[in-house]
Structures are given as structure tokens and as C-alpha cells.
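Shown next: entry12.pdb, given as PDB, C-alpha atoms, pLDDT in the B column.
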```
ATOM      1  CA  MET A1108     -87.488 -69.695 -15.048  1.00 66.00           C
ATOM      2  CA  ALA A1109     -89.766 -69.667 -18.052  1.00 93.00           C
ATOM      3  CA  ARG A1110     -93.369 -69.520 -16.853  1.00 98.00           C
ATOM      4  CA  PHE A1111     -94.730 -67.933 -20.022  1.00 98.00           C
ATOM      5  CA  ALA A1112     -94.447 -69.453 -23.472  1.00 98.00           C
ATOM      6  CA  LEU A1113     -95.645 -68.890 -27.010  1.00 98.00           C
ATOM      7  CA  SER A1114     -96.547 -71.967 -29.027  1.00 98.00           C
ATOM      8  CA  ASP A1115     -96.949 -72.044 -32.791  1.00 98.00           C
ATOM      9  CA  THR A1116     -98.561 -75.499 -32.608  1.00 98.00           C
ATOM     10  CA  PRO A1117    -101.444 -76.929 -30.543  1.00 97.00           C
ATOM     11  CA  PHE A1118    -100.333 -77.853 -27.031  1.00 97.00           C
ATOM     12  CA  ASP A1119    -101.472 -80.393 -24.463  1.00 96.00           C
ATOM     13  CA  VAL A1120    -103.189 -78.982 -21.379  1.00 97.00           C
ATOM     14  CA  ALA A1121    -103.053 -82.273 -19.429  1.00 98.00           C
ATOM     15  CA  SER A1122     -99.259 -82.297 -19.352  1.00 97.00           C
ATOM     16  CA  LEU A1123     -99.121 -78.615 -18.399  1.00 97.00           C
ATOM     17  CA  ARG A1124    -101.553 -79.289 -15.567  1.00 98.00           C
ATOM     18  CA  ALA A1125     -99.601 -82.344 -14.436  1.00 98.00           C
ATOM     19  CA  GLY A1126     -96.455 -80.216 -14.348  1.00 97.00           C
ATOM     20  CA  LEU A1127     -98.043 -77.921 -11.783  1.00 98.00           C
ATOM     21  CA  LEU A1128     -99.360 -80.573  -9.383  1.00 98.00           C
ATOM     22  CA  ASP A1129     -97.437 -81.806  -6.356  1.00 96.00           C
ATOM     23  CA  ALA A1130     -98.108 -82.697  -2.712  1.00 97.00           C
ATOM     24  CA  ARG A1131     -98.248 -79.054  -1.581  1.00 97.00           C
ATOM     25  CA  VAL A1132    -101.063 -78.164  -3.958  1.00 98.00           C
ATOM     26  CA  GLY A1133    -104.486 -77.736  -2.389  1.00 98.00           C
ATOM     27  CA  ALA A1134    -105.960 -75.801  -5.291  1.00 98.00           C
ATOM     28  CA  TYR A1135    -105.383 -75.714  -9.019  1.00 98.00           C
ATOM     29  CA  ALA A1136    -107.292 -73.230 -11.146  1.00 98.00           C
ATOM     30  CA  SER A1137    -107.032 -72.737 -14.876  1.00 98.00           C
ATOM     31  CA  PHE A1138    -108.382 -70.531 -17.606  1.00 98.00           C
ATOM     32  CA  GLU A1139    -108.718 -71.635 -21.218  1.00 98.00           C
ATOM     33  CA  GLY A1140    -109.509 -69.222 -24.024  1.00 98.00           C
ATOM     34  CA  TRP A1141    -110.989 -70.806 -27.154  1.00 97.00           C
ATOM     35  CA  VAL A1142    -111.587 -69.602 -30.702  1.00 96.00           C
ATOM     36  CA  ARG A1143    -115.319 -68.893 -31.025  1.00 94.00           C
ATOM     37  CA  ASP A1144    -117.451 -68.482 -34.125  1.00 94.00           C
ATOM     38  CA  HIS A1145    -118.470 -64.856 -33.610  1.00 94.00           C
ATOM     39  CA  ASN A1146    -117.097 -61.515 -32.484  1.00 93.00           C
ATOM     40  CA  ASP A1147    -118.867 -58.176 -32.232  1.00 90.00           C
ATOM     41  CA  GLY A1148    -121.866 -59.492 -34.145  1.00 92.00           C
ATOM     42  CA  ARG A1149    -119.812 -60.883 -37.038  1.00 94.00           C
ATOM     43  CA  ALA A1150    -119.510 -64.556 -37.954  1.00 96.00           C
ATOM     44  CA  VAL A1151    -115.874 -65.634 -37.552  1.00 95.00           C
ATOM     45  CA  ASP A1152    -114.287 -68.427 -39.617  1.00 95.00           C
ATOM     46  CA  GLY A1153    -110.866 -68.497 -37.960  1.00 94.00           C
ATOM     47  CA  LEU A1154    -108.022 -66.340 -36.837  1.00 96.00           C
ATOM     48  CA  ARG A1155    -104.293 -65.827 -36.767  1.00 97.00           C
ATOM     49  CA  TYR A1156    -102.235 -64.638 -33.812  1.00 98.00           C
ATOM     50  CA  GLU A1157     -99.044 -62.763 -34.455  1.00 98.00           C
ATOM     51  CA  ALA A1158     -96.581 -61.941 -31.672  1.00 98.00           C
ATOM     52  CA  TYR A1159     -93.478 -59.836 -31.265  1.00 97.00           C
ATOM     53  CA  ALA A1160     -91.858 -62.873 -29.698  1.00 97.00           C
ATOM     54  CA  ALA A1161     -88.910 -61.291 -27.877  1.00 95.00           C
ATOM     55  CA  LEU A1162     -91.060 -58.666 -26.189  1.00 97.00           C
ATOM     56  CA  ALA A1163     -94.042 -60.978 -25.655  1.00 98.00           C
ATOM     57  CA  GLU A1164     -91.889 -63.472 -23.780  1.00 97.00           C
ATOM     58  CA  ARG A1165     -90.326 -60.749 -21.658  1.00 97.00           C
ATOM     59  CA  GLU A1166     -93.672 -59.132 -20.835  1.00 97.00           C
ATOM     60  CA  GLY A1167     -95.331 -62.517 -20.224  1.00 98.00           C
ATOM     61  CA  GLU A1168     -92.592 -63.490 -17.773  1.00 98.00           C
ATOM     62  CA  ALA A1169     -93.016 -60.134 -16.008  1.00 98.00           C
ATOM     63  CA  ILE A1170     -96.763 -60.781 -15.584  1.00 98.00           C
ATOM     64  CA  LEU A1171     -96.202 -64.259 -14.151  1.00 98.00           C
ATOM     65  CA  ALA A1172     -93.556 -62.865 -11.773  1.00 98.00           C
ATOM     66  CA  GLU A1173     -96.017 -60.168 -10.683  1.00 98.00           C
ATOM     67  CA  ALA A1174     -98.657 -62.833 -10.040  1.00 98.00           C
ATOM     68  CA  MET A1175     -96.195 -64.863  -7.956  1.00 98.00           C
ATOM     69  CA  ALA A1176     -95.401 -61.763  -5.861  1.00 98.00           C
ATOM     70  CA  ARG A1177     -99.010 -60.624  -5.565  1.00 98.00           C
ATOM     71  CA  PHE A1178    -100.729 -63.887  -4.580  1.00 98.00           C
ATOM     72  CA  PRO A1179     -99.650 -66.748  -2.281  1.00 98.00           C
ATOM     73  CA  LEU A1180     -99.076 -69.129  -5.183  1.00 98.00           C
ATOM     74  CA  LEU A1181     -97.048 -72.282  -5.460  1.00 98.00           C
ATOM     75  CA  ASP A1182     -96.615 -71.811  -9.185  1.00 98.00           C
ATOM     76  CA  ALA A1183     -98.249 -70.368 -12.303  1.00 98.00           C
ATOM     77  CA  ARG A1184     -97.874 -70.804 -16.045  1.00 98.00           C
ATOM     78  CA  CYS A1185     -99.304 -69.380 -19.245  1.00 98.00           C
ATOM     79  CA  VAL A1186     -99.064 -70.593 -22.840  1.00 98.00           C
ATOM     80  CA  HIS A1187    -100.410 -68.562 -25.765  1.00 98.00           C
ATOM     81  CA  ARG A1188    -100.817 -69.818 -29.317  1.00 98.00           C
ATOM     82  CA  THR A1189     -99.491 -68.040 -32.366  1.00 98.00           C
ATOM     83  CA  GLY A1190    -100.170 -68.744 -36.039  1.00 98.00           C
ATOM     84  CA  GLU A1191    -103.340 -69.943 -37.726  1.00 97.00           C
ATOM     85  CA  LEU A1192    -106.161 -71.193 -35.468  1.00 97.00           C
ATOM     86  CA  ALA A1193    -109.434 -72.805 -36.503  1.00 97.00           C
ATOM     87  CA  LEU A1194    -112.751 -72.509 -34.679  1.00 96.00           C
ATOM     88  CA  GLY A1195    -112.712 -74.608 -31.520  1.00 96.00           C
ATOM     89  CA  GLU A1196    -108.950 -74.475 -31.047  1.00 97.00           C
ATOM     90  CA  LEU A1197    -107.367 -73.530 -27.748  1.00 98.00           C
ATOM     91  CA  ALA A1198    -105.857 -70.044 -27.949  1.00 98.00           C
ATOM     92  CA  VAL A1199    -104.502 -69.478 -24.444  1.00 98.00           C
ATOM     93  CA  TRP A1200    -104.100 -71.444 -21.222  1.00 98.00           C
ATOM     94  CA  VAL A1201    -103.371 -70.183 -17.714  1.00 98.00           C
ATOM     95  CA  GLY A1202    -102.754 -72.458 -14.742  1.00 98.00           C
ATOM     96  CA  ALA A1203    -102.111 -71.470 -11.116  1.00 98.00           C
ATOM     97  CA  THR A1204    -101.597 -73.538  -7.990  1.00 98.00           C
ATOM     98  CA  SER A1205    -101.840 -72.621  -4.349  1.00 98.00           C
ATOM     99  CA  ALA A1206    -102.576 -74.169  -0.963  1.00 98.00           C
ATOM    100  CA  HIS A1207    -106.081 -72.655  -1.127  1.00 98.00           C
ATOM    101  CA  ARG A1208    -108.568 -71.768  -3.847  1.00 98.00           C
ATOM    102  CA  ASP A1209    -108.801 -67.982  -3.404  1.00 98.00           C
ATOM    103  CA  ALA A1210    -105.259 -67.303  -4.597  1.00 98.00           C
ATOM    104  CA  ALA A1211    -105.506 -69.769  -7.471  1.00 98.00           C
ATOM    105  CA  PHE A1212    -108.742 -68.235  -8.797  1.00 98.00           C
ATOM    106  CA  ALA A1213    -107.535 -64.653  -8.339  1.00 98.00           C
ATOM    107  CA  ALA A1214    -104.168 -65.306  -9.963  1.00 98.00           C
ATOM    108  CA  CYS A1215    -105.772 -66.890 -13.029  1.00 98.00           C
ATOM    109  CA  ARG A1216    -107.976 -63.858 -13.487  1.00 98.00           C
ATOM    110  CA  PHE A1217    -105.068 -61.459 -12.961  1.00 98.00           C
ATOM    111  CA  ILE A1218    -102.806 -63.278 -15.400  1.00 98.00           C
ATOM    112  CA  ILE A1219    -105.272 -63.530 -18.281  1.00 98.00           C
ATOM    113  CA  ASP A1220    -106.368 -59.908 -17.850  1.00 98.00           C
ATOM    114  CA  GLU A1221    -102.774 -58.655 -17.879  1.00 98.00           C
ATOM    115  CA  VAL A1222    -101.810 -60.877 -20.827  1.00 98.00           C
ATOM    116  CA  LYS A1223    -104.748 -59.539 -22.837  1.00 97.00           C
ATOM    117  CA  GLY A1224    -103.842 -55.966 -21.951  1.00 96.00           C
ATOM    118  CA  ARG A1225    -100.045 -55.905 -22.184  1.00 95.00           C
ATOM    119  CA  VAL A1226     -98.450 -58.732 -24.135  1.00 98.00           C
ATOM    120  CA  PRO A1227     -97.678 -57.830 -27.766  1.00 98.00           C
ATOM    121  CA  ILE A1228     -99.874 -60.410 -29.473  1.00 98.00           C
ATOM    122  CA  TRP A1229    -102.344 -59.427 -32.170  1.00 98.00           C
ATOM    123  CA  LYS A1230    -105.434 -61.198 -33.447  1.00 97.00           C
ATOM    124  CA  HIS A1231    -106.270 -61.211 -37.150  1.00 97.00           C
ATOM    125  CA  GLU A1232    -109.849 -62.416 -37.627  1.00 96.00           C
ATOM    126  CA  ARG A1233    -111.259 -63.928 -40.798  1.00 95.00           C
ATOM    127  CA  TYR A1234    -114.986 -63.432 -41.227  1.00 96.00           C
ATOM    128  CA  ARG A1235    -117.524 -65.635 -42.975  1.00 95.00           C
ATOM    129  CA  ASP A1236    -118.358 -62.802 -45.389  1.00 94.00           C
ATOM    130  CA  GLY A1237    -114.796 -62.975 -46.739  1.00 94.00           C
ATOM    131  CA  ALA A1238    -113.409 -59.922 -44.941  1.00 95.00           C
ATOM    132  CA  ALA A1239    -110.509 -60.055 -42.482  1.00 95.00           C
ATOM    133  CA  ASP A1240    -109.101 -57.552 -40.048  1.00 93.00           C
ATOM    134  CA  TRP A1241    -106.637 -56.902 -37.244  1.00 95.00           C
ATOM    135  CA  LEU A1242    -108.135 -56.228 -33.841  1.00 95.00           C
ATOM    136  CA  HIS A1243    -106.656 -53.126 -32.232  1.00 92.00           C
ATOM    137  CA  PRO A1244    -109.011 -52.444 -29.319  1.00 91.00           C
ATOM    138  CA  GLY A1245    -109.210 -49.153 -27.470  1.00 83.00           C
TER     139      GLY A1245
ATOM    140  CA  MET B 208     -76.500 -36.224 -36.984  1.00 80.00           C
ATOM    141  CA  SER B 209     -78.253 -39.312 -38.180  1.00 94.00           C
ATOM    142  CA  VAL B 210     -78.120 -42.888 -36.935  1.00 97.00           C
ATOM    143  CA  ARG B 211     -78.941 -46.145 -38.663  1.00 98.00           C
ATOM    144  CA  VAL B 212     -81.866 -48.021 -37.131  1.00 98.00           C
ATOM    145  CA  THR B 213     -84.054 -50.983 -37.964  1.00 98.00           C
ATOM    146  CA  VAL B 214     -87.821 -50.624 -37.485  1.00 98.00           C
ATOM    147  CA  LEU B 215     -90.100 -53.639 -37.058  1.00 98.00           C
ATOM    148  CA  TYR B 216     -93.759 -53.532 -38.090  1.00 98.00           C
ATOM    149  CA  PHE B 217     -96.472 -55.774 -36.689  1.00 97.00           C
ATOM    150  CA  ALA B 218    -100.142 -56.466 -37.376  1.00 97.00           C
ATOM    151  CA  SER B 219    -101.940 -53.622 -39.182  1.00 96.00           C
ATOM    152  CA  LEU B 220     -98.768 -51.522 -39.340  1.00 97.00           C
ATOM    153  CA  ARG B 221     -97.036 -54.292 -41.285  1.00 97.00           C
ATOM    154  CA  ASP B 222     -99.968 -54.665 -43.666  1.00 96.00           C
ATOM    155  CA  VAL B 223    -100.140 -50.923 -44.328  1.00 97.00           C
ATOM    156  CA  ALA B 224     -96.355 -50.512 -44.721  1.00 97.00           C
ATOM    157  CA  GLY B 225     -96.198 -53.622 -46.888  1.00 97.00           C
ATOM    158  CA  LEU B 226     -93.064 -54.794 -45.087  1.00 97.00           C
ATOM    159  CA  ALA B 227     -92.108 -56.413 -41.786  1.00 97.00           C
ATOM    160  CA  SER B 228     -88.991 -54.325 -41.205  1.00 98.00           C
ATOM    161  CA  GLU B 229     -86.793 -51.705 -42.766  1.00 98.00           C
ATOM    162  CA  SER B 230     -83.386 -50.206 -42.001  1.00 98.00           C
ATOM    163  CA  PHE B 231     -82.575 -46.578 -42.692  1.00 97.00           C
ATOM    164  CA  ASP B 232     -80.734 -43.526 -41.380  1.00 97.00           C
ATOM    165  CA  THR B 233     -82.788 -41.151 -39.259  1.00 97.00           C
ATOM    166  CA  ALA B 234     -82.139 -37.717 -37.823  1.00 97.00           C
ATOM    167  CA  ALA B 235     -85.327 -37.806 -35.717  1.00 97.00           C
ATOM    168  CA  PRO B 236     -84.585 -36.393 -32.245  1.00 97.00           C
ATOM    169  CA  ASP B 237     -86.778 -38.931 -30.487  1.00 98.00           C
ATOM    170  CA  LEU B 238     -88.950 -41.986 -31.096  1.00 98.00           C
ATOM    171  CA  ARG B 239     -92.159 -39.942 -31.213  1.00 98.00           C
ATOM    172  CA  VAL B 240     -90.887 -37.840 -34.104  1.00 98.00           C
ATOM    173  CA  LEU B 241     -89.573 -40.973 -35.790  1.00 98.00           C
ATOM    174  CA  TYR B 242     -93.061 -42.518 -35.679  1.00 98.00           C
ATOM    175  CA  LEU B 243     -94.648 -39.314 -36.977  1.00 97.00           C
ATOM    176  CA  GLU B 244     -92.239 -39.362 -39.931  1.00 97.00           C
ATOM    177  CA  LEU B 245     -92.991 -43.012 -40.665  1.00 97.00           C
ATOM    178  CA  ARG B 246     -96.719 -42.450 -40.252  1.00 97.00           C
ATOM    179  CA  ALA B 247     -96.559 -39.745 -42.919  1.00 97.00           C
ATOM    180  CA  ARG B 248     -94.390 -41.909 -45.201  1.00 96.00           C
ATOM    181  CA  HIS B 249     -96.493 -45.080 -44.953  1.00 98.00           C
ATOM    182  CA  GLY B 250     -99.935 -43.643 -44.208  1.00 97.00           C
ATOM    183  CA  PHE B 251    -100.493 -45.388 -40.867  1.00 97.00           C
ATOM    184  CA  ALA B 252    -103.952 -44.705 -39.452  1.00 95.00           C
ATOM    185  CA  LEU B 253    -102.967 -45.263 -35.810  1.00 96.00           C
ATOM    186  CA  PRO B 254    -102.014 -42.070 -33.956  1.00 97.00           C
ATOM    187  CA  VAL B 255     -98.981 -42.139 -31.680  1.00 97.00           C
ATOM    188  CA  GLU B 256    -101.277 -41.948 -28.619  1.00 97.00           C
ATOM    189  CA  ARG B 257    -102.588 -45.456 -29.333  1.00 97.00           C
ATOM    190  CA  LEU B 258     -99.157 -47.066 -29.663  1.00 97.00           C
ATOM    191  CA  ARG B 259     -96.352 -48.102 -27.380  1.00 97.00           C
ATOM    192  CA  VAL B 260     -92.740 -48.191 -28.463  1.00 98.00           C
ATOM    193  CA  ALA B 261     -90.041 -50.794 -27.800  1.00 98.00           C
ATOM    194  CA  VAL B 262     -86.304 -50.791 -28.399  1.00 97.00           C
ATOM    195  CA  ASP B 263     -84.257 -53.985 -28.625  1.00 96.00           C
ATOM    196  CA  GLY B 264     -87.068 -56.120 -27.206  1.00 94.00           C
ATOM    197  CA  ALA B 265     -87.979 -53.942 -24.214  1.00 94.00           C
ATOM    198  CA  PHE B 266     -90.570 -51.194 -23.831  1.00 95.00           C
ATOM    199  CA  ALA B 267     -89.043 -47.734 -24.206  1.00 97.00           C
ATOM    200  CA  ARG B 268     -90.110 -44.082 -23.839  1.00 98.00           C
ATOM    201  CA  TRP B 269     -91.311 -41.881 -26.690  1.00 98.00           C
ATOM    202  CA  GLU B 270     -88.829 -39.192 -25.662  1.00 98.00           C
ATOM    203  CA  ASP B 271     -85.851 -41.566 -26.004  1.00 98.00           C
ATOM    204  CA  ALA B 272     -83.490 -40.731 -28.862  1.00 97.00           C
ATOM    205  CA  PRO B 273     -82.976 -43.383 -31.559  1.00 98.00           C
ATOM    206  CA  ARG B 274     -79.734 -45.252 -30.834  1.00 97.00           C
ATOM    207  CA  ALA B 275     -77.374 -46.348 -33.601  1.00 97.00           C
ATOM    208  CA  GLY B 276     -77.879 -49.987 -34.486  1.00 98.00           C
ATOM    209  CA  SER B 277     -81.036 -50.377 -32.392  1.00 98.00           C
ATOM    210  CA  GLU B 278     -84.157 -52.321 -33.341  1.00 98.00           C
ATOM    211  CA  ILE B 279     -87.283 -50.231 -32.831  1.00 98.00           C
ATOM    212  CA  ALA B 280     -90.836 -51.581 -32.781  1.00 98.00           C
ATOM    213  CA  PHE B 281     -94.053 -49.596 -32.707  1.00 97.00           C
ATOM    214  CA  ILE B 282     -96.631 -51.627 -30.800  1.00 96.00           C
ATOM    215  CA  PRO B 283    -100.272 -51.266 -31.928  1.00 97.00           C
ATOM    216  CA  PRO B 284    -103.036 -51.950 -29.358  1.00 97.00           C
ATOM    217  CA  VAL B 285    -102.700 -55.639 -28.475  1.00 97.00           C
ATOM    218  CA  SER B 286    -105.439 -58.257 -28.855  1.00 97.00           C
ATOM    219  CA  GLY B 287    -104.162 -61.553 -27.482  1.00 96.00           C
ATOM    220  CA  GLY B 288    -106.181 -63.875 -25.288  1.00 92.00           C
TER     221      GLY B 288
END
```
Here is a file; write its structure as C-alpha cells.
Amino acid sequence: MARFALSDTPFDVASLRAGLLDARVGAYASFEGWVRDHNDGRAVDGLRYEAYAALAEREGEAILAEAMARFPLLDARCVHRTGELALGELAVWVGATSAHRDAAFAACRFIIDEVKGRVPIWKHERYRDGAADWLHPG
Amino acid sequence: MSVRVTVLYFASLRDVAGLASESFDTAAPDLRVLYLELRARHGFALPVERLRVAVDGAFARWEDAPRAGSEIAFIPPVSGG
């Protein structure tokens, strides 16, 4: 089952959230990552995400499966944007449901941390001073 | 003995190489040596220690030998989220 997806266009969080809710759900937690106007002291104008899609989807699915095994979840999903993003656009969404809040909160945190650390997606930032660069942290 | 492989470049590696992929014959004994050869050819700044390697859409080991017809990707440090 596909729990992780890349999207090259803006996506609707309300329908993703609705897709996770049912009568068993006592807790829904989500994380949304947004494009902000600064990074590391530099003014940011926008960015582009590039992914190695085949590997990103495989690794993203592995992370969601790990979250399902690690926490008492009902379900979990993650969608990550690719392509050009403007300031104020949604970059990544994570949603997790459980009977109780602890697992939903913890799973959201786990999923976004693992996605940031493992999934082959790269951010190319454009700065207000005209420069642009790939972010390769570490 | 050499094998024909396709190498995919992403992010800064693609910008530095000036291409998204290339196919060629290699006699490199393993993927680490293959990257070192390509680093010298293209002038990549990233050392092998900062990369991961994938073959045919799955993470692989640096000591794996290049397989004929495989698609190899060198994965720079990721920055999603």
C-alpha cells in the first residue's frame, strides 16, 4: 500500500486528513513543513526540490512501514512536494492516526525526522541576493 | 573485464557534471572506485564518505561490483523536508 507519495503539484491537506479519519481514530496528529523566507541567515526567495523518485518512493514507504511497526498506529501517510516552490507553499505533510495521542505525536516526529535524513530529495534554494545553491547538510 | 553501466547524477553532482546521466563501459572493481574515477573526471567536490550509493533504485554497498546493464546513482547528502 502506498503511504508515501511525491507530488509535483500543490496538494490538498483536507482530503488527505479526511482519508485518515474513521470511527476507530481517537487521535490525529500532523506535521506540515512550509517554505520560509530565510535559511542560515540568508534571505530566501524560493526553492526547488528534486527527488530520485524510484528510490525516494521506496525509502519513504520503508519509513512509513517502520512507523507502523514501531508505534500503535491506525494509519500514517506522508506527501512531499517536488519542483518549484514559492515562499509560503506547503513542502511536506505527515499525518498519523491512533487510538490515543502519544502514538500519533511520536509517529509524526519519527516520520518527518527519518524523511529528512534518509529520503533522496534535495533542496535547491534561491536567495534574494541572486545566488542559488544545493543544500547538502552534514 | 569491463561492463556497461548507466550513472545517474542528482542535485549538485548533476550541476557539476553538466548532465543527468551517462552510459559507459567501466572496469572499476567496485562502486567506490567507480565514484573516485568519476569524481576525478568531473571534479566533484563531495568525497565518497559523504555519499550513499544506489543500484537499480535500491541502496547498495560501496564494495559491490558494477553489474552489466545496471543503473547506478550516487546520492549526495539529502535535504528534503
Legend entry - Interface, chain A side, toward chain B (10 Å; only C-alpha atoms) as a ChimeraX atom specification: /A:1139-1142,1156-1166,1187-1189,1198-1200,1219-1231,1240-1245
Inset, instruction - Excluding Ser1205 (chain A) and any residue of its chain fewer than 5 positions from it, enumerate the residues within 6 Å of it, using all atoms listed in the file, and give them as a list in words. - result: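 Residues meeting the cut-off are Val1132, Ala1134, Leu1180, Leu1181 and Ala1211 of chain A.
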Legend entry - 12 Å contact set for Val240 (chain B), only C-alpha atoms, chain neighbours under 3 positions out, as an MDAnalysis selection string: chainID B and resid 233:237 243:247 254:255 260 269:273
Legend entry - Given the PyMOL selection byres ((chain A and resi 1115-1120) around 6), the residues it picks as a list in words: Ser1114, Ala1121, Ser1122, Leu1123, Arg1188, Thr1189 and Gly1190 of chain A
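Coordinates place CA of Cys1185 (chain A) at a distance of 13.8 Å from CA of Ala1125 (chain A).
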Inset, instruction - With the file shown as input, list the residues that the PyMOL selection byres ((chain A and resi 1179) around 10) selects, as JSON, numbers by chain. - result: {"A": [1174, 1175, 1176, 1177, 1178, 1180, 1181, 1182, 1204, 1205, 1206, 1207, 1209, 1210, 1211, 1214]}
Inset, instruction - Report the residues retrieved by the PyMOL selection byres ((chain A and resi 1152) around 10) from the displayed file, expressed as a ChimeraX atom specification. - result: /A:1142-1145,1149-1151,1153-1154,1192-1194,1232-1237,1239
Inset, instruction - Kindly give the distance, in Å, that separates CA of Val214 (chain B) and CA of Ile279 (chain B), rounded to a single decimal. - result: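 If I compute the distance from CA of Val214 (chain B) to CA of Ile279 (chain B), I get 4.7 Å.
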Inset, instruction - Enter the distance from CA of Ser209 (chain B) to CA of Ala275 (chain B), in Å, rounded to one decimal. - result: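 Going from CA of Ser209 (chain B) over to CA of Ala275 (chain B), I get 8.4 Å.
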Box time for region 258-267 of chain B: axis-aligned, enclosing all its listed atoms, 5 Å extra on each side; report centre and edge lengths in Å to one decimal, as JSON.
```
{"center_x": -91.7, "center_y": -51.6, "center_z": -26.7, "size_x": 24.9, "size_y": 19.1, "size_z": 15.8}
```
